[in-house]
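This is input-v4.txt (compact mmCIF, C-alpha atoms).
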# COMPACT_ATOMS: atom_id res chain seq x y z
CA MET A 52 -5.99 -19.19 19.66
CA GLY A 53 -4.23 -18.72 23.01
CA ARG A 54 -1.94 -21.73 22.43
CA LEU A 55 -1.29 -20.69 18.85
CA GLN A 56 -0.07 -17.28 19.96
CA TYR A 57 2.79 -18.91 21.87
CA LEU A 58 3.87 -20.79 18.74
CA LEU A 59 4.31 -17.61 16.72
CA THR A 60 7.54 -15.67 16.48
CA PRO A 61 7.60 -11.85 16.38
CA ARG A 62 8.37 -12.12 12.67
CA ASP A 63 5.34 -14.37 12.15
CA VAL A 64 3.10 -11.72 13.67
CA ALA A 65 4.82 -8.97 11.69
CA VAL A 66 4.16 -10.87 8.46
CA ILE A 67 0.48 -11.30 9.31
CA ARG A 68 0.20 -7.62 10.19
CA SER A 69 1.81 -6.58 6.91
CA VAL A 70 -0.49 -8.75 4.85
CA ARG A 71 -3.52 -7.37 6.68
CA GLU A 72 -2.33 -3.78 6.35
CA TRP A 73 -1.75 -4.03 2.59
CA ARG A 74 -4.70 -6.40 1.94
CA PHE A 75 -2.67 -8.61 -0.42
CA LEU A 76 1.06 -9.24 -0.74
CA THR A 77 3.11 -11.53 -2.96
CA THR A 78 5.67 -13.92 -1.53
CA ARG A 79 8.38 -11.74 -3.06
CA GLN A 80 7.06 -8.61 -1.36
CA ILE A 81 6.80 -10.37 2.01
CA CYS A 82 10.33 -11.69 1.57
CA THR A 83 11.71 -8.20 0.90
CA LEU A 84 9.94 -6.70 3.89
CA HIS A 85 10.67 -9.40 6.46
CA PHE A 86 13.50 -11.72 5.32
CA SER A 87 16.30 -9.32 4.46
CA GLU A 88 18.84 -10.84 6.86
CA HIS A 89 19.54 -13.95 4.77
CA ALA A 90 22.82 -14.39 2.91
CA SER A 91 21.26 -14.84 -0.53
CA ASP A 92 18.00 -14.20 -2.33
CA ASN A 93 17.39 -17.92 -2.76
CA SER A 94 17.83 -18.68 0.94
CA ALA A 95 15.53 -15.78 1.82
CA ILE A 96 12.80 -17.06 -0.51
CA ARG A 97 13.11 -20.60 0.87
CA ALA A 98 12.82 -19.36 4.46
CA CYS A 99 9.92 -17.12 3.52
CA ASN A 100 8.08 -19.99 1.84
CA ARG A 101 8.53 -22.21 4.90
CA VAL A 102 7.07 -19.54 7.18
CA LEU A 103 4.17 -18.74 4.84
CA ASN A 104 3.23 -22.39 4.41
CA ARG A 105 3.32 -22.88 8.19
CA LEU A 106 1.07 -19.85 8.72
CA ARG A 107 -1.21 -21.14 5.99
CA GLY A 108 -1.46 -24.48 7.77
CA HIS A 109 -2.77 -22.70 10.87
CA ARG A 110 -5.24 -20.69 8.76
CA LEU A 111 -3.45 -17.49 9.70
CA LEU A 112 -2.84 -16.70 6.04
CA HIS A 113 -4.69 -17.67 2.89
CA ARG A 114 -3.01 -18.20 -0.48
CA LEU A 115 -4.86 -17.22 -3.61
CA GLU A 116 -5.44 -20.05 -6.05
CA ARG A 117 -3.28 -18.74 -8.88
CA PRO A 118 0.02 -16.88 -8.66
CA VAL A 119 0.41 -13.47 -10.24
CA GLY A 120 1.33 -13.92 -13.89
CA GLY A 121 -0.04 -17.48 -14.03
CA VAL A 122 1.50 -20.80 -13.12
CA GLY A 123 4.90 -19.87 -14.59
CA GLY A 124 5.57 -17.20 -12.02
CA GLY A 125 6.97 -19.56 -9.40
CA SER A 126 6.42 -19.58 -5.65
CA ALA A 127 7.64 -15.98 -5.26
CA SER A 128 4.63 -14.74 -7.21
CA TYR A 129 1.94 -16.33 -5.03
CA VAL A 130 -0.43 -13.84 -3.44
CA TRP A 131 -1.39 -13.95 0.23
CA ALA A 132 -4.25 -12.58 2.31
CA VAL A 133 -5.14 -12.87 5.99
CA ASP A 134 -7.27 -15.92 6.82
CA ALA A 135 -9.82 -16.39 9.62
CA ALA A 136 -7.38 -17.26 12.42
CA GLY A 137 -5.04 -14.45 11.44
CA ASP A 138 -7.90 -11.99 11.50
CA ARG A 139 -8.94 -13.15 14.98
CA LEU A 140 -5.34 -12.92 16.19
CA LEU A 141 -4.99 -9.29 15.10
CA ARG A 142 -8.40 -8.21 16.40
CA ALA A 143 -7.64 -9.78 19.78
CA ASP A 144 -4.70 -7.40 20.20
CA PRO A 145 -6.03 -3.97 21.27
CA ASP A 146 -2.80 -2.34 20.08
CA SER A 147 -2.94 -3.79 16.57
CA GLY A 148 -5.25 -1.11 15.19
CA PHE A 149 -7.38 -3.76 13.49
CA THR A 150 -10.85 -3.80 14.98
CA LYS A 151 -13.05 -4.66 12.00
CA ARG A 152 -13.40 -8.21 10.76
CA SER A 153 -11.46 -8.92 7.57
CA ARG A 154 -13.44 -10.99 5.11
CA THR A 155 -11.84 -13.45 2.72
CA TYR A 156 -12.82 -12.76 -0.88
CA ARG A 157 -11.58 -13.26 -4.41
CA PRO A 158 -10.45 -9.90 -5.80
CA THR A 159 -10.94 -8.92 -9.42
CA PRO A 160 -7.74 -9.00 -11.50
CA LEU A 161 -7.74 -5.20 -11.90
CA PHE A 162 -8.21 -4.60 -8.17
CA LEU A 163 -5.50 -7.11 -7.26
CA GLU A 164 -3.05 -5.65 -9.77
CA HIS A 165 -3.61 -2.15 -8.43
CA THR A 166 -3.35 -3.24 -4.79
CA LEU A 167 -0.09 -5.11 -5.39
CA ALA A 168 1.31 -2.14 -7.33
CA ILE A 169 0.66 0.11 -4.32
CA ALA A 170 2.33 -2.43 -2.03
CA ASP A 171 5.28 -2.56 -4.40
CA VAL A 172 5.87 1.16 -3.86
CA ARG A 173 6.08 0.40 -0.15
CA VAL A 174 8.57 -2.40 -0.79
CA ARG A 175 10.75 -0.19 -3.00
CA VAL A 176 10.83 2.55 -0.37
CA GLU A 177 11.89 -0.06 2.20
CA ALA A 178 14.76 -1.07 -0.09
CA LEU A 179 15.85 2.57 -0.37
CA GLN A 180 15.84 2.88 3.41
CA ARG A 181 18.04 -0.21 3.79
CA ALA A 182 20.42 1.24 1.23
CA GLY A 183 20.76 4.33 3.42
CA ARG A 184 19.20 6.70 0.90
CA LEU A 185 16.31 7.79 3.11
CA GLU A 186 14.58 7.16 6.43
CA ILE A 187 10.90 6.29 6.53
CA VAL A 188 8.94 8.53 8.89
CA GLN A 189 5.46 7.29 8.01
CA VAL A 190 3.91 5.15 5.31
CA SER A 191 0.14 4.62 5.29
CA PRO A 192 -2.12 2.79 2.83
CA GLU A 193 -5.88 3.00 2.60
CA PRO A 194 -8.03 3.37 4.61
CA VAL A 195 -5.88 4.76 7.45
CA ASN A 196 -4.61 7.56 5.21
CA TRP A 197 -8.08 8.86 4.31
CA ARG A 198 -8.59 12.58 4.87
CA PRO A 199 -12.14 13.81 5.56
CA TYR A 200 -12.85 17.40 4.53
CA SER A 201 -15.68 19.78 3.67
CA TRP A 202 -15.88 21.69 0.41
CA ALA A 203 -18.63 23.91 -1.00
CA GLY A 204 -21.02 22.81 1.72
CA ARG A 205 -20.57 19.07 1.21
CA ALA A 206 -18.67 16.46 3.19
CA SER A 207 -16.09 14.46 1.27
CA THR A 208 -13.05 12.25 1.82
CA LEU A 209 -9.69 12.29 0.07
CA LYS A 210 -8.58 8.70 -0.51
CA PRO A 211 -4.91 8.52 -1.56
CA ASP A 212 -3.46 5.22 -2.69
CA LEU A 213 -0.54 5.88 -0.35
CA TYR A 214 0.73 8.53 2.04
CA LEU A 215 4.49 8.71 2.53
CA ALA A 216 6.74 10.83 4.74
CA VAL A 217 10.50 10.32 4.59
CA TRP A 218 13.62 12.02 5.93
CA GLN A 219 16.12 12.68 3.16
CA HIS A 220 18.93 15.19 2.60
CA ASP A 221 18.35 16.82 6.00
CA ASP A 222 14.71 17.50 5.21
CA GLU A 223 11.35 15.80 5.72
CA TRP A 224 9.39 15.10 2.55
CA HIS A 225 5.65 14.41 2.45
CA ARG A 226 3.91 12.85 -0.55
CA TYR A 227 0.51 11.59 -1.53
CA ILE A 228 1.03 8.84 -4.08
CA GLU A 229 -1.40 7.73 -6.79
CA VAL A 230 -0.62 4.54 -8.70
CA ASP A 231 -2.24 4.72 -12.13
CA ARG A 232 -2.35 1.46 -14.09
CA GLY A 233 -3.75 3.05 -17.25
CA THR A 234 -7.13 1.38 -16.81
CA GLU A 235 -9.17 4.55 -16.23
CA SER A 236 -9.79 7.30 -18.73
CA LEU A 237 -7.78 10.44 -18.10
CA GLN A 238 -10.98 12.44 -17.88
CA VAL A 239 -12.19 10.26 -15.01
CA LEU A 240 -8.77 10.40 -13.34
CA VAL A 241 -8.76 14.20 -13.40
CA ASP A 242 -12.42 14.59 -12.42
CA LYS A 243 -12.30 12.04 -9.61
CA LYS A 244 -8.79 12.25 -8.18
CA ALA A 245 -7.06 15.44 -9.27
CA ARG A 246 -10.07 17.58 -8.43
CA ALA A 247 -10.35 15.98 -4.98
CA TYR A 248 -6.71 16.81 -4.25
CA GLU A 249 -7.20 20.39 -5.37
CA GLU A 250 -10.24 20.81 -3.14
CA TYR A 251 -8.48 19.23 -0.18
CA VAL A 252 -5.35 21.37 -0.54
CA ALA A 253 -7.52 24.48 -0.68
CA THR A 254 -8.95 23.69 2.77
CA GLY A 255 -5.53 24.24 4.36
CA ILE A 256 -5.91 21.19 6.61
CA ASP A 257 -2.46 19.75 5.91
CA LEU A 258 -0.76 23.12 6.17
CA SER A 259 -2.36 23.58 9.58
CA HIS A 260 -1.57 20.08 10.88
CA LEU A 261 1.77 19.34 9.19
CA GLY A 262 3.15 22.77 8.47
CA VAL A 263 3.59 21.73 4.82
CA VAL A 264 1.41 20.83 1.85
CA PRO A 265 2.37 17.33 0.63
CA GLN A 266 2.93 17.08 -3.10
CA VAL A 267 0.99 14.55 -5.15
CA LEU A 268 3.15 12.00 -6.95
CA TRP A 269 1.39 10.32 -9.88
CA LEU A 270 2.98 7.02 -10.92
CA VAL A 271 1.93 6.13 -14.47
CA PRO A 272 2.80 3.16 -16.70
CA ASP A 273 4.82 5.02 -19.35
CA GLN A 274 5.87 8.39 -20.74
CA ARG A 275 2.99 8.54 -23.19
CA ARG A 276 0.48 8.22 -20.37
CA ALA A 277 2.36 10.87 -18.39
CA ASP A 278 2.30 13.32 -21.32
CA ARG A 279 -1.41 12.78 -21.93
CA PHE A 280 -2.21 13.17 -18.24
CA ARG A 281 -0.23 16.40 -18.03
CA ALA A 282 -1.99 17.72 -21.14
CA GLU A 283 -5.39 16.87 -19.64
CA LEU A 284 -4.52 18.78 -16.46
CA ASP A 285 -3.32 21.78 -18.47
CA ARG A 286 -6.50 21.74 -20.54
CA ARG A 287 -8.72 22.12 -17.50
CA LYS A 288 -9.27 25.83 -17.01
CA ASP A 289 -11.31 25.14 -13.87
CA LEU A 290 -8.26 23.74 -12.05
CA THR A 291 -5.88 26.25 -10.52
CA GLY A 292 -2.75 24.13 -10.77
CA ARG A 293 -2.22 23.55 -7.03
CA LEU A 294 -1.21 19.98 -7.85
What would you get if you wrote out this structure as structure tokens?
Amino acid sequence: MGRLQYLLTPRDVAVIRSVREWRFLTTRQICTLHFSEHASDNSAIRACNRVLNRLRGHRLLHRLERPVGGVGGGSASYVWAVDAAGDRLLRADPDSGFTKRSRTYRPTPLFLEHTLAIADVRVRVEALQRAGRLEIVQVSPEPVNWRPYSWAGRASTLKPDLYLAVWQHDDEWHRYIEVDRGTESLQVLVDKKARAYEEYVATGIDLSHLGVVPQVLWLVPDQRRADRFRAELDRRKDLTGRL
């Protein structure tokens, strides 16, 4: 591992860190995050593929067997996770923030789709920053964005899909983001997620620590889902509407 460290560029390490932080990333997402300096999209993808295949050869990254969308998706749709050597590399760095061993596993299609959708929000925000439309202050996926709290005598934890703070229009904006893929019933979504946000906001923890109460941004697949979700929230008389 010591010799391997000297063979890695800062970008290599940054790629491994990103994949570990977001659990899974596609080639396209990695390319957007770390290969933006190339003259064209094609040259960026080629350079990204070369780096990823080299890291794969050293068992720093692992490529899932099938690309997202099947074999017709091309190399940009392959999905990557941290492999054994990459996990050891990150855990050996006391400043990396990664102390627990990362296990290699085959995710279910629903879990993988949801995880990549969350990462795609991160990628889109990065693109907005490069376009000069905002400045990223903080972006945190699970589990580092978890918020423990107590409510009605019980201990609980708020688990957002994503926490985002950006500087835009001379103001700092804070958001909790939930990426809904339409796979859960709206009743479960409200009972499990919306209620947890309402309880957490009522504790005043964020207002005390941040000076603001972050809004919750729900990203849904289509307008029909949005209308039904809004109607379900309005129907619940036991929710106060803090969302």
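Distances to A:Gly148 were evaluated for A:Thr254, A:Glu72, A:Arg62, A:Ala170 using all atoms listed in the file, and the minimum falls at A:Glu72.
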Could you work out an axis-aligned bounding box for all listed atoms of stretch 220-231 of chain A, with 4 Å added on each of the six sides, and give its centre and edge lengths in Å to one decimal, as AutoDock Vina command-line options?
--center_x 8.3 --center_y 11.0 --center_z -3.1 --size_x 29.2 --size_y 21.0 --size_z 26.1
(message) Could you list, as a ChimeraX atom specification, every residue within 12 Å of A:Trp269, counting all atoms listed in the file and ignoring same-chain residues fewer than 2 positions away?
(response) /A:169,172,211-213,226-233,240-241,244-245,248,266-267,271-274,276-278,280-281,294
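Among the candidates A:Phe75, A:Ala143, A:Val252, A:Val263, the residue lying nearest to A:Phe162 is A:Phe75 (atoms considered: all atoms listed in the file).
For A:Leu106, the non-local neighbours within 10 Å, defined as residues at least 2 positions apart in the same chain or in other chains and counting only C-alpha atoms, are Leu59, Asp63, Val64, Val66, Ile67, Asn100, Arg101, Val102, Leu103, Asn104, Gly108, His109, Arg110, Leu111, Leu112, His113, Val133, Asp134, Ala136 and Gly137 of chain A.
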(message) Taking (9.7, 10.7, 8.9) as a centre in this file's frame and 7 Å as the limit, can you find every polymer residue with an atom that close, using all atoms listed in the file, and give them as a list in words?
(response) Glu186, Ile187, Val188, Gln189, Ala216, Val217, Trp218 and Glu223 of chain A
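The spacing separating atom CA of A:Arg198 from atom CA of A:His260 amounts to 11.9 Å.
Picture a line from atom CA of A:Ala168 to atom CA of A:Arg114; it runs 18.0 Å.
Interatomic distance, atom CA of A:Leu284 to atom CA of A:Pro192: 25.2 Å.
Close contacts of stretch 80-92 of chain A, defined as residues with an atom at most 10 Å away when counting all atoms listed in the file, with chain neighbours fewer than 5 positions off set aside, comprise A:Arg62, A:Asp63, A:Ala65, A:Val66, A:Ile67, A:Ser69, A:Val70, A:Phe75, A:Arg97, A:Ala98, A:Cys99, A:Asn100, A:Leu103, A:Ala127, A:Ser128, A:Tyr129, A:Val130, A:Trp131, A:Leu167, A:Ala170, A:Asp171, A:Arg173, A:Val174, A:Arg175, A:Glu177, A:Ala178, A:Arg181.
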(request) Please identify all polymer residues within 12 Å of A:Asp146, counting only C-alpha atoms, omitting same-chain residues fewer than 5 positions from it, and present them as a PyMOL selection string. (result) chain A and resi 68+140-141
